[in-house]
Amino acid sequence: MSSVLLIGNGAREHAMAETLVRSATRPRLYAFMKANNPGISSLSQDILLGSYKDLKAITDFARSAKVDFALVGPEGPLNEGVVDALREAGIPAVGPTKDLARLETSKSFTRNLVEKYGIPGNPRYRVFTSPEGLEHFLAELDEIVIKPDGLTGGKGVLVQGDHFQTREEALAYCRQILEAHNSMIVEEKLEGEEFSLQCFCDGKTVVATPAVQDHKRRFVDDRGPNTGGMGSYSCEDHLLPFLTEQDVADGLAITRQVAEAISRETGSLYKGIMYGGFIVTKSGVKLLEYNARLGDPEAMNILPLMKSDFVELCRAIIDGTLDRFPICFEQKATVCKYIVPKGYGLPKNHPDASSTAARITVGDAGAARLYYSSVDQRPDGLYMSTSRAIGVVGIAATLAGAEAVAECAANAVKGPVDHRPDIGTATLIGRRINHMKRVRGQ
Ligand code: GLY
C-alpha cells in the first residue's frame, strides 16, 4: 500500500486523483488544496487547505501522512519551490524543482535554451530587458507577439490582430510591460494550428501521451476573449485530424532535445511533466511554450485513457526508470467541455460579468466523467465561483460519439452556466482541417 500527496484543487487535479486511486497499488491519497474540491476530497484519506506559498504546511502535512511521494498539479507551487522543500524533507516529488520549473516560469530561459543547444522550433524572437532596440526589432517582424517573462496565469501574451493592431501600439505595450517585469520577449506571430503534447520525463527518458487540441476562446466559433481553456479533444488514433505522425514525432523530438539540454545546462535531471504547446506552420512544427505541468483541460483527455498504472508511472519518473515503463492508452476519442459561469472571461464591467457565487445542479450526466474545478459543496448544494466550474468528458470509439456524450452531460448542468457546444463537432474540426490545408499550401 502506498501513500501519495496530491497538490492542487482544480479539475486537472480531480482527474489526477481519480487516476491515482485506480492504481493496483491501492494508494491512500492525501490532498493539499487552496480550496476544497469536493471531487478530490471524496477520493482522499485526508485533506489540508492552505496557501501554496506555505511550504512548511505542505511538508508538515506530507511528513505526518508519511507519504511515499508527492505529485504537483499546478505551476504556482512549483514556482514557490515546493519540490525543493519536499526534497529537503526527504520526500520525492513528480514535478521539477524551482530552478527547472523555469521551463514554464521563464519564457526567456526556454527560448534561449532552445537556441543555445541548436534545437529546432523557435520562431524569430528577442528578449528585452530595456526598450533599447525594441523599435528596430518590431519593424523587422511581419506580425508580432509580446510575452512578459514570468507567470501570468495564461493571460499575459499579447497578439497582433487580437490585442493590438499597429507597431506603435506594440511599442507602447512593450514599454508598459517593462515597467512591471524585468524582461519580456518579442516574437514573430506564427500561422497554423496548435496542439498540446503532454510528456512525462524522468530526466533522461521522455514519453508522450496522445496529442490534444485546446480551445482558448470563450465563445462558439473561436470568438471572444482568451480563457484558461473552454474544452479540448483527442482522437482514437492519438493524432488530431489535421496532424501527421511526423508532426507529433517532431514535437516529441524537440521535447527530448530540450530535456537533454536542461540537464546539460543545469546539471540536474528534470523529473515531471513537459507540456509542449506546439503549432504546425507552413515551415513545420514550432514551439509556442512549455508548461511544467499537465494541461487544464488537456489532462482530462489523456488521464482517463491511461491503461498504465499512474502510481507506478510516478515511481518510474522518480526512480529514473521511465525507459523500462510500458506507457499505454486506450484507442478512444475524448471530448472535454468546461461548464463555466455565464460571465466567465468577460471584462469586470460587462453587464453579464458576475462576481457572486451561483448555485448549480447536476442532472443525469449519462456516461460522461465529471471533474470539479471551482465549485464549493455547501449544505444546500453546489456553488460556482467566477471561474471554470466543471469539466465534462465524453469518451467513445469515435470523436462524434465522445462529443455527443460530453454535450449531453453539459446540458444536464443547470443554473446560470454556459459551455461551448461546438467543441469536438465535425463543423469546427472541418474548419481546422481546411485551415491547416491552406497553411500547408495543399
Ligand atoms: N490548456 C492550457 C494550459 O493548461 O496551459
# chains A, B, ... in the order shown; residues from 1 in each chain; ligands from 1
call {"tool": "closest_atom_pairs", "arguments": {"of": "range 98-122 of chain A", "to": "range 244-250 of chain A", "cutoff": "12 Å", "atoms": "only C-alpha atoms", "output": "JSON lines"}}
result
{"residue": "A:Ile119", "atom": "CA", "partner": "A:Asp250", "partner_atom": "CA", "distance": 11.0}
{"residue": "A:Pro120", "atom": "CA", "partner": "A:Asp250", "partner_atom": "CA", "distance": 9.2}
{"residue": "A:Gly121", "atom": "CA", "partner": "A:Asp250", "partner_atom": "CA", "distance": 9.1}
call {"tool": "write_last_selection", "arguments": {"atoms": "N, CA and C atoms", "output": "PDB file, in the first residue's frame"}}
result
ATOM      1  N   ILE A 119      18.368  23.524 -31.014  1.00  0.00           N
ATOM      2  CA  ILE A 119      17.156  22.701 -31.139  1.00  0.00           C
ATOM      3  C   ILE A 119      16.193  23.425 -32.074  1.00  0.00           C
ATOM      4  N   PRO A 120      15.572  22.704 -33.024  1.00  0.00           N
ATOM      5  CA  PRO A 120      14.634  23.411 -33.911  1.00  0.00           C
ATOM      6  C   PRO A 120      13.362  23.785 -33.166  1.00  0.00           C
ATOM      7  N   GLY A 121      12.605  24.754 -33.701  1.00  0.00           N
ATOM      8  CA  GLY A 121      11.283  25.040 -33.129  1.00  0.00           C
ATOM      9  C   GLY A 121      11.075  26.479 -32.694  1.00  0.00           C
TER      10      GLY A 121
END
call {"tool": "residues_around", "arguments": {"residues": "Phe219 in chain A", "least_positions_apart": "6", "cutoff": "9 Å", "atoms": "only C-alpha atoms", "output": "ChimeraX atom specification"}}
result
/A:225,230,419-420
call {"tool": "residues_near_ligand", "arguments": {"ligand": "ligand 1", "cutoff": "12 Å", "atoms": "only C-alpha atoms and all ligand atoms", "output": "MDAnalysis selection string"}}
result
chainID A and resid 10:13 73:75 104:105 151:155 194:198 212:217 226:233 273:278 288:301 336 338
call {"tool": "closest_residue", "arguments": {"among": "A:Gly430, A:Gly366, A:Gly90, A:Pro347", "to": "Ala412 in chain A", "atoms": "only C-alpha atoms"}}
result
A:Gly366
call {"tool": "closest_residue", "arguments": {"among": "A:Val439, A:Ile177, A:Ala259, A:Leu346", "to": "Ile279 in chain A", "atoms": "only C-alpha atoms"}}
result
A:Val439
call {"tool": "closest_residue", "arguments": {"among": "A:Val335, A:Ala367, A:Ile395, A:Ala353", "to": "Leu305 in chain A", "atoms": "only C-alpha atoms"}}
result
A:Ile395
call {"tool": "atom_distance", "arguments": {"atom1": "CA of Gly284 in chain A", "atom2": "CA of Arg218 in chain A"}}
result
27.9 Å
call {"tool": "residues_around", "arguments": {"residues": "Arg431 in chain A", "least_positions_apart": "5", "cutoff": "12 Å", "atoms": "only C-alpha atoms", "output": "ChimeraX atom specification"}}
result
/A:193,221-222,241-242,422-426,436-438
